[in-house]
Amino acid sequence: MATMTMRLDDVDAAIVRKFAQFEGKSISDFVRDAVFEKIEDQEDLDVLRAAIADDDGTRFSHEQVLKELGL
């Protein structure tokens with residue numbers, strides 16, 4: 001398992017410690033979760049941008065969707 005070091009000033013370190021404690025997590029778990037949430041957010045944004053680029057402008061009404069789904 002790899003170890004990574006992060007440098008924070010005392011104020012920021014205190015905030016991270018308190019927030020991790022509030023969530024009932026170790027600092028390591030808290031930081032790891034925050035990093036992967038950031039990565040997932042970027043991936044979601046990339047997917048959204050691709051969908052917008054591919055959008056041909058076709059729209060369906062609520063009724064059309066229900067009919068298509070057989071509801």
# chains A, B, ... in the order shown; residues from 1 in each chain; ligands from 1
>>> residues_around(residues="segment 27-34 of chain A", least_positions_apart="2", cutoff="12 Å", atoms="only C-alpha atoms", output="list in words")
Thr3, Met4, Thr5, Met6, Ala13, Ala14, Ile15, Val16, Arg17, Lys18, Phe19, Ala20, Gln21, Phe22, Glu23, Gly24, Lys25, Phe36, Glu37, Lys38, Ile39, Glu40 and Asp41 of chain A
>>> write_last_selection(atoms="N, CA and C atoms", output="short mmCIF file (atom, residue, chain, number, x, y, z; two decimals), in the first residue's frame")
data_model
loop_
_atom_site.label_atom_id
_atom_site.label_comp_id
_atom_site.auth_asym_id
_atom_site.auth_seq_id
_atom_site.Cartn_x
_atom_site.Cartn_y
_atom_site.Cartn_z
N THR A 3 1.91 5.23 0.56
CA THR A 3 1.68 6.29 1.52
C THR A 3 1.91 7.61 0.82
N MET A 4 1.02 8.58 1.04
CA MET A 4 1.16 9.90 0.45
C MET A 4 1.16 10.92 1.58
N THR A 5 1.90 11.98 1.38
CA THR A 5 1.99 13.04 2.38
C THR A 5 1.35 14.30 1.83
N MET A 6 0.63 15.00 2.69
CA MET A 6 -0.01 16.24 2.30
C MET A 6 0.39 17.30 3.31
N ALA A 13 -5.25 22.04 8.83
CA ALA A 13 -5.13 20.71 9.42
C ALA A 13 -6.18 20.51 10.51
N ALA A 14 -6.42 21.55 11.31
CA ALA A 14 -7.42 21.46 12.37
C ALA A 14 -8.81 21.27 11.77
N ILE A 15 -9.08 21.95 10.68
CA ILE A 15 -10.38 21.82 10.02
C ILE A 15 -10.57 20.40 9.51
N VAL A 16 -9.54 19.85 8.87
CA VAL A 16 -9.62 18.48 8.35
C VAL A 16 -9.84 17.50 9.50
N ARG A 17 -9.08 17.64 10.57
CA ARG A 17 -9.25 16.75 11.73
C ARG A 17 -10.67 16.80 12.29
N LYS A 18 -11.19 18.01 12.46
CA LYS A 18 -12.54 18.17 13.02
C LYS A 18 -13.60 17.60 12.09
N PHE A 19 -13.44 17.84 10.79
CA PHE A 19 -14.43 17.34 9.84
C PHE A 19 -14.40 15.82 9.78
N ALA A 20 -13.21 15.24 9.78
CA ALA A 20 -13.10 13.78 9.77
C ALA A 20 -13.73 13.20 11.03
N GLN A 21 -13.46 13.82 12.15
CA GLN A 21 -14.03 13.36 13.42
C GLN A 21 -15.56 13.47 13.38
N PHE A 22 -16.06 14.57 12.85
CA PHE A 22 -17.50 14.77 12.75
C PHE A 22 -18.15 13.66 11.93
N GLU A 23 -17.48 13.22 10.86
CA GLU A 23 -18.01 12.16 10.01
C GLU A 23 -17.70 10.77 10.55
N GLY A 24 -16.99 10.70 11.67
CA GLY A 24 -16.67 9.41 12.26
C GLY A 24 -15.66 8.62 11.46
N LYS A 25 -14.74 9.33 10.79
CA LYS A 25 -13.74 8.68 9.94
C LYS A 25 -12.34 9.03 10.42
N PHE A 36 -11.52 10.82 -4.01
CA PHE A 36 -12.27 10.05 -5.00
C PHE A 36 -13.61 10.70 -5.36
N GLU A 37 -14.22 11.42 -4.43
CA GLU A 37 -15.43 12.19 -4.79
C GLU A 37 -15.09 13.24 -5.83
N LYS A 38 -13.95 13.90 -5.68
CA LYS A 38 -13.52 14.91 -6.64
C LYS A 38 -13.30 14.28 -8.02
N ILE A 39 -12.66 13.13 -8.05
CA ILE A 39 -12.42 12.43 -9.31
C ILE A 39 -13.74 12.02 -9.95
N GLU A 40 -14.67 11.48 -9.16
CA GLU A 40 -15.97 11.08 -9.69
C GLU A 40 -16.74 12.28 -10.22
N ASP A 41 -16.66 13.42 -9.51
CA ASP A 41 -17.33 14.63 -9.98
C ASP A 41 -16.79 15.04 -11.34
#
>>> select_by_dssp(residues="chain A", states="alpha helix (DSSP H)", output="MDAnalysis selection string")
chainID A and resid 10:22 27:54 62:69
>>> write_last_selection(atoms="C-alpha atoms", output="mmCIF file, in the first residue's frame")
data_model
loop_
_atom_site.group_PDB
_atom_site.id
_atom_site.type_symbol
_atom_site.label_atom_id
_atom_site.label_comp_id
_atom_site.auth_asym_id
_atom_site.auth_seq_id
_atom_site.Cartn_x
_atom_site.Cartn_y
_atom_site.Cartn_z
ATOM 1 C CA ASP A 10 -2.177 24.421 11.206
ATOM 2 C CA VAL A 11 -5.585 26.009 10.628
ATOM 3 C CA ASP A 12 -6.398 23.825 7.629
ATOM 4 C CA ALA A 13 -5.131 20.709 9.420
ATOM 5 C CA ALA A 14 -7.424 21.455 12.371
ATOM 6 C CA ILE A 15 -10.382 21.822 10.017
ATOM 7 C CA VAL A 16 -9.622 18.478 8.352
ATOM 8 C CA ARG A 17 -9.247 16.745 11.733
ATOM 9 C CA LYS A 18 -12.535 18.171 13.019
ATOM 10 C CA PHE A 19 -14.432 17.340 9.838
ATOM 11 C CA ALA A 20 -13.096 13.778 9.773
ATOM 12 C CA GLN A 21 -14.033 13.356 13.419
ATOM 13 C CA PHE A 22 -17.502 14.770 12.750
ATOM 14 C CA ILE A 27 -8.179 11.388 8.576
ATOM 15 C CA SER A 28 -6.862 8.909 6.010
ATOM 16 C CA ASP A 29 -10.351 7.613 5.173
ATOM 17 C CA PHE A 30 -11.768 11.136 5.077
ATOM 18 C CA VAL A 31 -9.093 12.430 2.696
ATOM 19 C CA ARG A 32 -9.276 9.327 0.478
ATOM 20 C CA ASP A 33 -13.069 9.686 0.199
ATOM 21 C CA ALA A 34 -12.749 13.392 -0.611
ATOM 22 C CA VAL A 35 -10.173 12.735 -3.330
ATOM 23 C CA PHE A 36 -12.274 10.051 -4.998
ATOM 24 C CA GLU A 37 -15.427 12.190 -4.786
ATOM 25 C CA LYS A 38 -13.521 14.911 -6.638
ATOM 26 C CA ILE A 39 -12.418 12.429 -9.313
ATOM 27 C CA GLU A 40 -15.973 11.079 -9.685
ATOM 28 C CA ASP A 41 -17.332 14.629 -9.985
ATOM 29 C CA GLN A 42 -14.873 15.332 -12.805
ATOM 30 C CA GLU A 43 -15.823 12.092 -14.570
ATOM 31 C CA ASP A 44 -19.517 13.007 -14.255
ATOM 32 C CA LEU A 45 -18.769 16.438 -15.700
ATOM 33 C CA ASP A 46 -16.898 14.858 -18.612
ATOM 34 C CA VAL A 47 -19.884 12.583 -19.338
ATOM 35 C CA LEU A 48 -22.252 15.565 -19.195
ATOM 36 C CA ARG A 49 -20.086 17.581 -21.580
ATOM 37 C CA ALA A 50 -19.982 14.659 -24.020
ATOM 38 C CA ALA A 51 -23.777 14.276 -23.821
ATOM 39 C CA ILE A 52 -24.259 17.981 -24.490
ATOM 40 C CA ALA A 53 -21.901 17.798 -27.478
ATOM 41 C CA ASP A 54 -23.850 14.814 -28.882
ATOM 42 C CA HIS A 62 -43.781 13.178 -20.635
ATOM 43 C CA GLU A 63 -46.668 11.450 -22.382
ATOM 44 C CA GLN A 64 -44.411 10.184 -25.173
ATOM 45 C CA VAL A 65 -41.999 8.679 -22.660
ATOM 46 C CA LEU A 66 -44.789 6.967 -20.733
ATOM 47 C CA LYS A 67 -46.223 5.557 -23.957
ATOM 48 C CA GLU A 68 -42.805 4.303 -25.067
ATOM 49 C CA LEU A 69 -42.381 2.588 -21.680
#
>>> decode(residues="segment 5-51 of chain A", atoms="N, CA and C atoms", output="mmCIF file, in the first residue's frame")
data_model
loop_
_atom_site.group_PDB
_atom_site.id
_atom_site.type_symbol
_atom_site.label_atom_id
_atom_site.label_comp_id
_atom_site.auth_asym_id
_atom_site.auth_seq_id
_atom_site.Cartn_x
_atom_site.Cartn_y
_atom_site.Cartn_z
ATOM 1 N N THR A 5 1.900 11.982 1.375
ATOM 2 C CA THR A 5 1.988 13.041 2.376
ATOM 3 C C THR A 5 1.350 14.300 1.826
ATOM 4 N N MET A 6 0.630 14.997 2.686
ATOM 5 C CA MET A 6 -0.011 16.240 2.296
ATOM 6 C C MET A 6 0.386 17.300 3.314
ATOM 7 N N ARG A 7 0.795 18.445 2.852
ATOM 8 C CA ARG A 7 1.191 19.532 3.754
ATOM 9 C C ARG A 7 0.045 20.533 3.882
ATOM 10 N N LEU A 8 -0.305 20.831 5.127
ATOM 11 C CA LEU A 8 -1.358 21.811 5.428
ATOM 12 C C LEU A 8 -0.865 22.739 6.520
ATOM 13 N N ASP A 9 -1.337 23.963 6.480
ATOM 14 C CA ASP A 9 -1.016 24.827 7.612
ATOM 15 C C ASP A 9 -1.848 24.372 8.808
ATOM 16 N N ASP A 10 -1.538 24.890 9.976
ATOM 17 C CA ASP A 10 -2.177 24.421 11.206
ATOM 18 C C ASP A 10 -3.694 24.621 11.202
ATOM 19 N N VAL A 11 -4.148 25.722 10.662
ATOM 20 C CA VAL A 11 -5.585 26.009 10.628
ATOM 21 C C VAL A 11 -6.302 24.998 9.738
ATOM 22 N N ASP A 12 -5.772 24.778 8.542
ATOM 23 C CA ASP A 12 -6.398 23.825 7.629
ATOM 24 C C ASP A 12 -6.352 22.404 8.193
ATOM 25 N N ALA A 13 -5.253 22.042 8.831
ATOM 26 C CA ALA A 13 -5.131 20.709 9.420
ATOM 27 C C ALA A 13 -6.177 20.512 10.511
ATOM 28 N N ALA A 14 -6.415 21.545 11.311
ATOM 29 C CA ALA A 14 -7.424 21.455 12.371
ATOM 30 C C ALA A 14 -8.811 21.268 11.771
ATOM 31 N N ILE A 15 -9.078 21.954 10.676
ATOM 32 C CA ILE A 15 -10.382 21.822 10.017
ATOM 33 C C ILE A 15 -10.568 20.395 9.507
ATOM 34 N N VAL A 16 -9.540 19.848 8.871
ATOM 35 C CA VAL A 16 -9.622 18.478 8.352
ATOM 36 C C VAL A 16 -9.838 17.499 9.495
ATOM 37 N N ARG A 17 -9.083 17.645 10.574
ATOM 38 C CA ARG A 17 -9.247 16.745 11.733
ATOM 39 C C ARG A 17 -10.665 16.797 12.285
ATOM 40 N N LYS A 18 -11.188 18.012 12.457
ATOM 41 C CA LYS A 18 -12.535 18.171 13.019
ATOM 42 C C LYS A 18 -13.598 17.598 12.090
ATOM 43 N N PHE A 19 -13.443 17.839 10.791
ATOM 44 C CA PHE A 19 -14.432 17.340 9.838
ATOM 45 C C PHE A 19 -14.405 15.822 9.782
ATOM 46 N N ALA A 20 -13.212 15.241 9.777
ATOM 47 C CA ALA A 20 -13.096 13.778 9.773
ATOM 48 C C ALA A 20 -13.726 13.202 11.030
ATOM 49 N N GLN A 21 -13.456 13.819 12.154
ATOM 50 C CA GLN A 21 -14.033 13.356 13.419
ATOM 51 C C GLN A 21 -15.557 13.467 13.380
ATOM 52 N N PHE A 22 -16.058 14.566 12.854
ATOM 53 C CA PHE A 22 -17.502 14.770 12.750
ATOM 54 C C PHE A 22 -18.152 13.663 11.931
ATOM 55 N N GLU A 23 -17.479 13.223 10.862
ATOM 56 C CA GLU A 23 -18.008 12.156 10.014
ATOM 57 C C GLU A 23 -17.699 10.768 10.551
ATOM 58 N N GLY A 24 -16.990 10.701 11.672
ATOM 59 C CA GLY A 24 -16.668 9.409 12.262
ATOM 60 C C GLY A 24 -15.657 8.619 11.455
ATOM 61 N N LYS A 25 -14.736 9.327 10.794
ATOM 62 C CA LYS A 25 -13.744 8.676 9.943
ATOM 63 C C LYS A 25 -12.340 9.028 10.425
ATOM 64 N N SER A 26 -11.405 8.170 10.064
ATOM 65 C CA SER A 26 -10.006 8.535 10.268
ATOM 66 C C SER A 26 -9.667 9.635 9.268
ATOM 67 N N ILE A 27 -8.598 10.355 9.519
ATOM 68 C CA ILE A 27 -8.179 11.388 8.576
ATOM 69 C C ILE A 27 -7.861 10.752 7.229
ATOM 70 N N SER A 28 -7.210 9.605 7.247
ATOM 71 C CA SER A 28 -6.862 8.909 6.010
ATOM 72 C C SER A 28 -8.111 8.550 5.203
ATOM 73 N N ASP A 29 -9.109 7.979 5.866
ATOM 74 C CA ASP A 29 -10.351 7.613 5.173
ATOM 75 C C ASP A 29 -11.073 8.854 4.657
ATOM 76 N N PHE A 30 -11.096 9.896 5.472
ATOM 77 C CA PHE A 30 -11.768 11.136 5.077
ATOM 78 C C PHE A 30 -11.126 11.743 3.829
ATOM 79 N N VAL A 31 -9.796 11.835 3.835
ATOM 80 C CA VAL A 31 -9.093 12.430 2.696
ATOM 81 C C VAL A 31 -9.244 11.552 1.456
ATOM 82 N N ARG A 32 -9.120 10.233 1.617
ATOM 83 C CA ARG A 32 -9.276 9.327 0.478
ATOM 84 C C ARG A 32 -10.663 9.481 -0.138
ATOM 85 N N ASP A 33 -11.704 9.510 0.706
ATOM 86 C CA ASP A 33 -13.069 9.686 0.199
ATOM 87 C C ASP A 33 -13.222 11.013 -0.537
ATOM 88 N N ALA A 34 -12.640 12.074 0.014
ATOM 89 C CA ALA A 34 -12.749 13.392 -0.611
ATOM 90 C C ALA A 34 -12.056 13.411 -1.972
ATOM 91 N N VAL A 35 -10.906 12.779 -2.060
ATOM 92 C CA VAL A 35 -10.173 12.735 -3.330
ATOM 93 C C VAL A 35 -10.979 11.985 -4.382
ATOM 94 N N PHE A 36 -11.521 10.823 -4.013
ATOM 95 C CA PHE A 36 -12.274 10.051 -4.998
ATOM 96 C C PHE A 36 -13.605 10.697 -5.357
ATOM 97 N N GLU A 37 -14.222 11.424 -4.433
ATOM 98 C CA GLU A 37 -15.427 12.190 -4.786
ATOM 99 C C GLU A 37 -15.088 13.243 -5.832
ATOM 100 N N LYS A 38 -13.955 13.897 -5.677
ATOM 101 C CA LYS A 38 -13.521 14.911 -6.638
ATOM 102 C C LYS A 38 -13.305 14.277 -8.016
ATOM 103 N N ILE A 39 -12.657 13.131 -8.050
ATOM 104 C CA ILE A 39 -12.418 12.429 -9.313
ATOM 105 C C ILE A 39 -13.742 12.019 -9.955
ATOM 106 N N GLU A 40 -14.669 11.479 -9.157
ATOM 107 C CA GLU A 40 -15.973 11.079 -9.685
ATOM 108 C C GLU A 40 -16.745 12.281 -10.216
ATOM 109 N N ASP A 41 -16.660 13.417 -9.510
ATOM 110 C CA ASP A 41 -17.332 14.629 -9.985
ATOM 111 C C ASP A 41 -16.789 15.043 -11.343
ATOM 112 N N GLN A 42 -15.467 14.965 -11.524
ATOM 113 C CA GLN A 42 -14.873 15.332 -12.805
ATOM 114 C C GLN A 42 -15.312 14.371 -13.897
ATOM 115 N N GLU A 43 -15.366 13.076 -13.586
ATOM 116 C CA GLU A 43 -15.823 12.092 -14.570
ATOM 117 C C GLU A 43 -17.271 12.351 -14.956
ATOM 118 N N ASP A 44 -18.116 12.674 -13.967
ATOM 119 C CA ASP A 44 -19.517 13.007 -14.255
ATOM 120 C C ASP A 44 -19.606 14.234 -15.155
ATOM 121 N N LEU A 45 -18.776 15.228 -14.889
ATOM 122 C CA LEU A 45 -18.769 16.438 -15.700
ATOM 123 C C LEU A 45 -18.329 16.126 -17.127
ATOM 124 N N ASP A 46 -17.341 15.252 -17.277
ATOM 125 C CA ASP A 46 -16.898 14.858 -18.612
ATOM 126 C C ASP A 46 -18.016 14.156 -19.380
ATOM 127 N N VAL A 47 -18.761 13.283 -18.701
ATOM 128 C CA VAL A 47 -19.884 12.583 -19.338
ATOM 129 C C VAL A 47 -20.964 13.588 -19.751
ATOM 130 N N LEU A 48 -21.253 14.538 -18.874
ATOM 131 C CA LEU A 48 -22.252 15.565 -19.195
ATOM 132 C C LEU A 48 -21.825 16.382 -20.413
ATOM 133 N N ARG A 49 -20.569 16.791 -20.437
ATOM 134 C CA ARG A 49 -20.086 17.581 -21.580
ATOM 135 C C ARG A 49 -20.192 16.791 -22.879
ATOM 136 N N ALA A 50 -19.872 15.502 -22.827
ATOM 137 C CA ALA A 50 -19.982 14.659 -24.020
ATOM 138 C C ALA A 50 -21.438 14.534 -24.454
ATOM 139 N N ALA A 51 -22.350 14.385 -23.490
ATOM 140 C CA ALA A 51 -23.777 14.276 -23.821
ATOM 141 C C ALA A 51 -24.280 15.570 -24.443
#
